[in-house]
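A.B. asks: Take a look at this one; I'll ask things after.
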Amino acid sequence: MTDKDIIGRVDELIAEEHELRSKASAGGLDESDRTRIRSLEEQLDQCWDLLRQRRARREFGEDENSADARPISEVEHYQQ
């Protein structure tokens with residue numbers, strides 16, 4: 001997977017998230033929609049983390065393709 005592939009996936013996830021948030025503004029979300037938004041947020045966090053890993057490896061002369069998506073449980077608990 002390349003950076004371009006990851007960014008494409010991010011774009012897809014963001015588009016779906018925006019659709020659901022627009023739906024929320026127009027009249028509310030059901031439980032499955034709220035669950036889906038949470039899942040989208042988690043997947044986005046994974047994608048951004050993977051991009052950061054790849055860029056860091058590239059910066060330090062390491063193989064960017066050896067970076068792997070970390071589990072949601074790990075990326076969701078980072079301190080900003």
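To be explicit about the labels: the chains of the structure tokens are called A, B, and onward in the order shown, and within each one the residues are counted from 1, while ligands get numbers from 1 in the order they are shown.
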With a distance cut-off of 8 Å and only C-alpha atoms, select the neighbouring residues of region 70-79 of chain A, excluding the residue or stretch itself and same-chain residues fewer than 3 positions from it, and output the selection as a list of chain:residue names.
C.D. replies: A:Glu42, A:Gln43, A:Asp45, A:Gln46, A:Asp49, A:Leu50
A.B. asks: Restricting it to C-alpha atoms, dump the selection as a PDB file, in the first residue's frame.
C.D. replies:
```pdb
ATOM      1  CA  GLU A  42     -11.197   4.779  14.333  1.00  0.00           C
ATOM      2  CA  GLN A  43     -10.281   3.798  10.780  1.00  0.00           C
ATOM      3  CA  ASP A  45      -6.974   7.358  13.103  1.00  0.00           C
ATOM      4  CA  GLN A  46      -5.382   4.129  11.857  1.00  0.00           C
ATOM      5  CA  ASP A  49      -1.016   6.774  12.070  1.00  0.00           C
ATOM      6  CA  LEU A  50       0.124   4.557   9.207  1.00  0.00           C
TER       7      LEU A  50
END
```
A.B. asks: So which residues of chain A fall under alpha helix (DSSP H) by DSSP, listed as a ChimeraX atom specification?
C.D. replies: /A:3-27,31-59,72-75
A.B. asks: Counting only C-alpha atoms, which of A:Ala67, A:Ile37, A:Ala26, A:Leu20 gets nearest to Leu51 (chain A)?
C.D. replies: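 With only C-alpha atoms as the atom set, the closest residue is A:Ala67.
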